[in-house]
file data_10.txt (compact mmCIF, C-alpha atoms and all ligand atoms)
# COMPACT_ATOMS: atom_id res chain seq x y z
CA PHE A 1 83.19 4.68 118.55
CA SER A 2 83.49 1.12 117.39
CA SER A 3 81.49 -0.41 114.54
CA GLU A 4 79.53 -2.34 117.19
CA GLU A 5 78.25 0.92 118.66
CA VAL A 6 77.48 2.91 115.54
CA THR A 7 76.90 2.41 111.84
CA VAL A 8 78.41 5.06 109.60
CA VAL A 9 77.42 5.41 105.96
CA PHE A 10 79.24 8.02 103.90
CA PHE A 11 77.08 9.57 101.17
CA LEU A 12 79.19 10.97 98.38
CA GLY A 13 78.57 12.35 94.90
CA GLY A 14 79.21 15.49 92.89
CA PRO A 15 77.62 18.87 93.60
CA GLY A 16 73.92 18.59 92.75
CA SER A 17 73.96 14.80 92.37
CA GLY A 18 71.10 14.58 94.90
CA LYS A 19 72.74 13.67 98.21
CA GLY A 20 70.54 15.97 100.31
CA THR A 21 67.37 14.94 98.52
CA GLN A 22 68.00 11.22 98.90
CA SER A 23 69.19 11.66 102.48
CA ALA A 24 65.73 12.91 103.43
CA ASN A 25 64.25 9.68 102.04
CA LEU A 26 66.77 7.53 103.89
CA VAL A 27 66.15 9.32 107.18
CA LYS A 28 62.41 8.72 106.82
CA ASP A 29 62.66 5.02 105.97
CA TYR A 30 65.79 3.83 107.76
CA GLY A 31 66.12 6.00 110.86
CA PHE A 32 69.48 7.47 110.04
CA VAL A 33 70.77 10.59 111.76
CA HIS A 34 71.65 12.81 108.81
CA LEU A 35 74.79 14.93 109.04
CA SER A 36 75.56 17.11 106.05
CA ALA A 37 79.01 18.63 106.30
CA GLY A 38 77.96 21.44 103.95
CA ASP A 39 74.80 22.21 105.96
CA LEU A 40 76.85 22.28 109.19
CA LEU A 41 79.35 24.65 107.64
CA ARG A 42 76.59 26.93 106.32
CA ALA A 43 74.96 26.97 109.76
CA GLU A 44 78.29 27.91 111.36
CA GLN A 45 78.76 30.60 108.69
CA LEU A 46 75.43 32.17 109.63
CA ARG A 47 75.77 31.75 113.38
CA GLU A 48 75.97 35.13 115.03
CA GLY A 49 79.39 35.76 116.48
CA SER A 50 81.08 32.94 114.60
CA GLN A 51 84.74 33.64 114.14
CA TYR A 52 84.77 31.33 111.11
CA GLY A 53 81.91 32.93 109.12
CA ALA A 54 83.96 34.89 106.60
CA MET A 55 86.43 32.08 106.11
CA ILE A 56 83.69 29.51 105.47
CA LYS A 57 81.92 31.81 103.02
CA SER A 58 85.10 32.19 101.02
CA TYR A 59 85.74 28.43 100.87
CA ILE A 60 82.16 27.73 99.82
CA THR A 61 82.06 30.41 97.12
CA GLU A 62 85.39 29.22 95.74
CA GLY A 63 84.25 25.59 95.89
CA LYS A 64 87.27 24.75 98.00
CA ILE A 65 87.35 22.31 100.86
CA SER A 66 88.00 23.84 104.24
CA PRO A 67 91.46 22.76 105.40
CA SER A 68 90.61 21.36 108.80
CA THR A 69 90.17 17.61 108.96
CA SER A 70 88.17 17.90 112.13
CA PHE A 71 85.91 20.93 111.81
CA PRO A 72 82.88 19.27 110.19
CA THR A 73 83.30 16.34 112.54
CA ARG A 74 83.42 18.64 115.54
CA CYS A 75 80.26 20.41 114.37
CA ALA A 76 78.64 17.05 113.86
CA THR A 77 79.49 15.75 117.29
CA ARG A 78 78.21 18.93 118.91
CA SER A 79 74.87 18.63 117.17
CA THR A 80 74.39 14.89 117.51
CA PRO A 81 71.83 13.42 119.90
CA THR A 82 73.01 10.60 122.17
CA PRO A 83 71.37 7.31 121.17
CA ALA A 84 69.20 5.46 123.66
CA PRO A 85 71.11 2.78 125.61
CA GLY A 86 71.16 -0.56 123.85
CA THR A 87 70.36 0.86 120.42
CA LYS A 88 72.85 1.21 117.63
CA ALA A 89 73.04 4.73 116.25
CA ARG A 90 73.06 5.03 112.45
CA PHE A 91 74.72 8.01 110.85
CA LEU A 92 74.38 9.09 107.25
CA ILE A 93 77.24 11.47 106.60
CA ASP A 94 76.47 13.52 103.51
CA GLY A 95 79.22 15.29 101.57
CA PHE A 96 82.07 14.11 103.80
CA PRO A 97 84.87 13.03 103.54
CA ARG A 98 85.80 14.88 100.37
CA LYS A 99 89.55 14.79 100.76
CA LEU A 100 91.75 11.77 101.42
CA ASP A 101 93.15 13.14 104.66
CA GLN A 102 89.63 13.70 106.00
CA ALA A 103 88.74 10.10 105.18
CA VAL A 104 91.80 8.71 106.93
CA PHE A 105 91.34 11.00 109.94
CA PHE A 106 87.67 10.12 110.38
CA GLU A 107 88.09 6.39 110.02
CA GLN A 108 91.03 6.32 112.43
CA THR A 109 89.71 8.65 115.10
CA VAL A 110 85.90 8.48 114.93
CA CYS A 111 84.70 5.24 113.36
CA PRO A 112 85.32 3.16 110.23
CA SER A 113 82.50 3.44 107.70
CA GLU A 114 80.30 0.48 106.92
CA LEU A 115 79.43 1.55 103.40
CA VAL A 116 79.91 4.38 100.93
CA LEU A 117 76.93 5.33 98.82
CA PHE A 118 78.05 7.12 95.67
CA LEU A 119 75.69 9.02 93.39
CA ASP A 120 77.11 9.01 89.89
CA CYS A 121 75.86 11.91 87.77
CA PRO A 122 77.21 13.73 84.68
CA GLU A 123 78.17 17.37 85.07
CA ASP A 124 75.61 18.71 82.59
CA VAL A 125 72.77 17.19 84.64
CA MET A 126 74.22 18.46 87.94
CA GLU A 127 74.80 21.92 86.50
CA ALA A 128 71.21 22.22 85.27
CA ARG A 129 69.91 21.19 88.71
CA LEU A 130 72.14 23.62 90.57
CA LEU A 131 71.39 26.57 88.30
CA LYS A 132 67.69 25.91 88.73
CA ARG A 133 68.05 25.65 92.49
CA GLY A 134 70.12 28.84 92.43
CA GLU A 135 67.07 30.81 91.31
CA THR A 136 65.68 30.47 94.83
CA SER A 137 68.23 28.82 97.16
CA GLY A 138 70.24 31.84 98.19
CA ARG A 139 73.30 29.57 98.38
CA ASP A 140 76.53 31.47 97.75
CA ASP A 141 77.78 28.68 95.50
CA ASP A 142 74.74 28.11 93.24
CA ASN A 143 76.04 30.28 90.40
CA ALA A 144 77.80 29.31 87.17
CA GLU A 145 81.25 30.34 88.29
CA SER A 146 81.17 28.63 91.70
CA ILE A 147 79.60 25.54 90.15
CA ARG A 148 82.52 25.25 87.72
CA LYS A 149 84.96 25.48 90.62
CA ARG A 150 83.01 22.92 92.69
CA PHE A 151 83.11 20.47 89.78
CA ARG A 152 86.83 20.90 89.47
CA THR A 153 87.42 20.31 93.18
CA PHE A 154 85.19 17.27 93.01
CA VAL A 155 87.13 15.71 90.14
CA GLU A 156 90.58 16.57 91.45
CA THR A 157 90.15 16.11 95.19
CA SER A 158 87.00 14.19 96.06
CA MET A 159 86.87 11.50 93.37
CA PRO A 160 90.16 10.05 94.70
CA VAL A 161 88.35 9.44 98.00
CA VAL A 162 85.61 7.52 96.19
CA ASP A 163 88.22 5.56 94.20
CA ASP A 164 90.05 4.68 97.39
CA PHE A 165 86.88 3.35 99.04
CA GLU A 166 86.03 1.55 95.80
CA ALA A 167 89.37 -0.26 95.92
CA LYS A 168 88.42 -1.39 99.44
CA GLY A 169 85.12 -2.79 98.17
CA LYS A 170 83.01 -0.36 100.19
CA VAL A 171 81.25 1.56 97.42
CA VAL A 172 77.66 1.14 96.26
CA LYS A 173 77.37 3.18 93.09
CA VAL A 174 74.00 4.47 91.94
CA GLN A 175 73.22 6.24 88.67
CA ALA A 176 71.68 9.57 89.70
CA THR A 177 70.25 10.88 86.43
CA GLY A 178 66.73 9.51 86.80
CA SER A 179 63.81 10.97 88.73
CA VAL A 180 64.09 11.36 92.51
CA GLU A 181 61.90 8.26 92.91
CA ASP A 182 63.92 6.15 90.46
CA VAL A 183 67.20 7.11 92.07
CA TYR A 184 65.80 6.33 95.51
CA ALA A 185 64.69 2.88 94.38
CA GLU A 186 68.29 2.16 93.34
CA VAL A 187 69.67 3.61 96.58
CA LYS A 188 67.38 1.35 98.61
CA LYS A 189 68.34 -1.68 96.57
CA GLY A 190 72.02 -0.88 97.09
CA ILE A 191 71.86 -0.57 100.86
CA GLU A 192 69.54 -3.52 101.33
CA GLU A 193 71.82 -5.76 99.29
CA ARG A 194 74.60 -4.83 101.72
CA GLY A 195 72.37 -5.41 104.71
CA VAL A 196 72.90 -1.95 106.20
N1 LIG A 201 67.41 17.18 92.46
C1 LIG A 201 67.94 16.25 93.28
N2 LIG A 201 67.75 15.00 92.78
C2 LIG A 201 67.09 15.16 91.60
C3 LIG A 201 66.62 14.25 90.61
N3 LIG A 201 66.79 12.92 90.72
N4 LIG A 201 66.01 14.76 89.51
C4 LIG A 201 65.85 16.11 89.39
N5 LIG A 201 66.25 17.02 90.29
C5 LIG A 201 66.88 16.56 91.39
O1 LIG A 201 69.97 18.40 94.89
C6 LIG A 201 70.37 19.50 94.12
C7 LIG A 201 69.18 20.04 93.33
O2 LIG A 201 68.76 19.05 92.41
C8 LIG A 201 67.96 20.32 94.22
O3 LIG A 201 67.31 21.44 93.74
C9 LIG A 201 67.11 19.05 94.07
O4 LIG A 201 65.76 19.33 94.23
C10 LIG A 201 67.43 18.63 92.65
P1 LIG A 201 70.58 18.09 96.32
O5 LIG A 201 69.85 16.92 96.87
O6 LIG A 201 70.67 19.31 97.11
O7 LIG A 201 72.06 17.61 95.86
P2 LIG A 201 73.40 17.57 96.68
O8 LIG A 201 74.19 16.44 96.10
O9 LIG A 201 73.12 17.55 98.13
O10 LIG A 201 74.01 18.96 96.22
P3 LIG A 201 74.85 20.03 97.03
O11 LIG A 201 74.79 21.26 96.24
O12 LIG A 201 74.44 20.09 98.45
O13 LIG A 201 76.28 19.32 96.93
P4 LIG A 201 77.70 19.84 97.31
O14 LIG A 201 78.44 18.58 97.53
O15 LIG A 201 78.23 20.78 96.32
O16 LIG A 201 77.43 20.73 98.60
P5 LIG A 201 77.79 20.58 100.14
O17 LIG A 201 76.76 21.32 100.86
O18 LIG A 201 78.06 19.18 100.49
O19 LIG A 201 79.18 21.39 100.22
C11 LIG A 201 79.21 22.76 99.90
C12 LIG A 201 80.59 23.31 100.14
O20 LIG A 201 80.92 23.21 101.52
C13 LIG A 201 81.75 22.60 99.44
O21 LIG A 201 81.88 23.02 98.08
C14 LIG A 201 82.93 23.07 100.28
O22 LIG A 201 83.32 24.39 99.95
C15 LIG A 201 82.31 23.08 101.68
N6 LIG A 201 82.63 21.84 102.43
C16 LIG A 201 83.86 21.75 103.06
O23 LIG A 201 84.67 22.68 103.00
N7 LIG A 201 84.16 20.62 103.77
C17 LIG A 201 83.30 19.57 103.87
O24 LIG A 201 83.63 18.56 104.50
C18 LIG A 201 82.04 19.65 103.21
C19 LIG A 201 81.74 20.80 102.50
MG MG A 202 73.69 18.77 99.79
call {"tool": "encode", "arguments": {"input": "data_10.txt", "output": "structure tokens", "more": "lines below"}}
Ligand code: UP5
Ligand code: MG
result
Amino acid sequence: FSSEEVTVVFFLGGPGSGKGTQSANLVKDYGFVHLSAGDLLRAEQLREGSQYGAMIKSYITEGKISPSTSFPTRCATRSTPTPAPGTKARFLIDGFPRKLDQAVFFEQTVCPSELVLFLDCPEDVMEARLLKRGETSGRDDDNAESIRKRFRTFVETSMPVVDDFEAKGKVVKVQATGSVEDVYAEVKKGIEERGV
């Protein structure tokens, strides 16, 4: 794809910063196709007959990033509707790329991103949200031990991706500690200022 054909916005932020929640708002108001790498991996994990199920479960529980640069992208392409002719498709890619090699691979082989939305949130706030969600979510990684590992991976492996985009002037950073509504107001302001 070229940037004339599609608009790609990467939506990054720590575990529990609110990417999924705010994505739902953005889909409603801005017509994005939402692709969550984590959701796609969980769907593949649960798909009957998947040869990757056990492997994905282990990566998710350990808070590690699956090694393939292309797997989430492949899942995404498989599940993506074709846009109507003459319209520009808009993709909101949530929780990807979270490793430098994934970022380079995606931008070189799929499409360069237009913008990177980054939800900035302290760990104590994210932890409280995830533990609360863990009471009902059934997610393999919403427990204290996995959360600790996810935070570590985020700091060591995924923040460098954000820093790299920041150095390229692509990042819109939003404080994510407020209410869902307050955070969304800031998200909207950020993307509208950039004209996306
Ligand atoms: N909540 C949200 N916003 C709130 C607010 N403003 N005030 C109060 N509460 C708020 O929100 C989390 C919880 O907080 C919810 O209960 C929500 O109601 C509440 P959510 O919107 O779900 O946050 P999100 O940032 O999406 O958190 P998530 O847990 O999904 O983030 P992760 O980045 O950890 O999870 P993801 O699904 O992206 O990845 C999971 C795993 O998949 C990774 O750890 C990794 O093992 C694997 N993975 C790969 O291997 N490769 C990839 O490319 C991607 C993922
Ligand atoms: Mg999410």
call {"tool": "closest_residue", "arguments": {"input": "data_10.txt", "among": "A:Arg47, A:Ser137, A:Glu123, A:Gly169", "to": "Pro15 (chain A)", "atoms": "only C-alpha atoms"}}
result
A:Glu123
call {"tool": "closest_residue", "arguments": {"input": "data_10.txt", "among": "A:Ala128, A:Pro97, A:Asp140, A:Phe11", "to": "Ile56 (chain A)", "atoms": "only C-alpha atoms"}}
result
A:Asp140
call {"tool": "residues_near_ligand", "arguments": {"input": "data_10.txt", "ligand": "ligand LIG 201 (chain A)", "cutoff": "7 Å", "atoms": "all atoms listed in the file", "output": "PyMOL selection string"}}
result
chain A and resi 13-22+36-39+41+59-66+72+94-98+129-130+132-133+150+176-180+183
call {"tool": "atom_distance", "arguments": {"input": "data_10.txt", "atom1": "CA of Lys170 (chain A)", "atom2": "CA of Glu114 (chain A)"}}
result
7.3 Å
call {"tool": "residues_around", "arguments": {"input": "data_10.txt", "residues": "region 99-113 of chain A", "least_positions_apart": "2", "cutoff": "12 Å", "atoms": "only C-alpha atoms", "output": "ChimeraX atom specification"}}
result
/A:1-12,37,64-74,76-77,90-93,95-97,115-117,153-165,168-171,196
call {"tool": "atom_distance", "arguments": {"input": "data_10.txt", "atom1": "CA of Met55 (chain A)", "atom2": "atom MG of ligand MG 202 (chain A)"}}
result
19.5 Å
call {"tool": "atom_distance", "arguments": {"input": "data_10.txt", "atom1": "CA of Gly190 (chain A)", "atom2": "CA of Lys173 (chain A)"}}
result
7.8 Å
call {"tool": "closest_residue", "arguments": {"input": "data_10.txt", "among": "A:Ala54, A:Ile147, A:Leu35, A:Val187", "to": "ligand MG 202 (chain A)", "atoms": "all atoms listed in the file"}}
result
A:Leu35
call {"tool": "closest_residue", "arguments": {"input": "data_10.txt", "among": "A:Val172, A:Ala167, A:Ala84, A:Leu119", "to": "ligand MG 202 (chain A)", "atoms": "all atoms listed in the file"}}
result
A:Leu119
call {"tool": "residues_around", "arguments": {"input": "data_10.txt", "residues": "Asp29 (chain A)", "least_positions_apart": "4", "cutoff": "12 Å", "atoms": "all atoms listed in the file", "output": "PDB file with C-alpha atoms, in the frame of the given file"}}
result
ATOM      1  CA  GLN A  22      68.000  11.220  98.900  1.00  0.00           C
ATOM      2  CA  SER A  23      69.190  11.660 102.480  1.00  0.00           C
ATOM      3  CA  ALA A  24      65.730  12.910 103.430  1.00  0.00           C
ATOM      4  CA  ASN A  25      64.250   9.680 102.040  1.00  0.00           C
ATOM      5  CA  VAL A  33      70.770  10.590 111.760  1.00  0.00           C
ATOM      6  CA  TYR A 184      65.800   6.330  95.510  1.00  0.00           C
ATOM      7  CA  ALA A 185      64.690   2.880  94.380  1.00  0.00           C
ATOM      8  CA  VAL A 187      69.670   3.610  96.580  1.00  0.00           C
ATOM      9  CA  LYS A 188      67.380   1.350  98.610  1.00  0.00           C
ATOM     10  CA  ILE A 191      71.860  -0.570 100.860  1.00  0.00           C
ATOM     11  CA  GLU A 192      69.540  -3.520 101.330  1.00  0.00           C
TER      12      GLU A 192
END
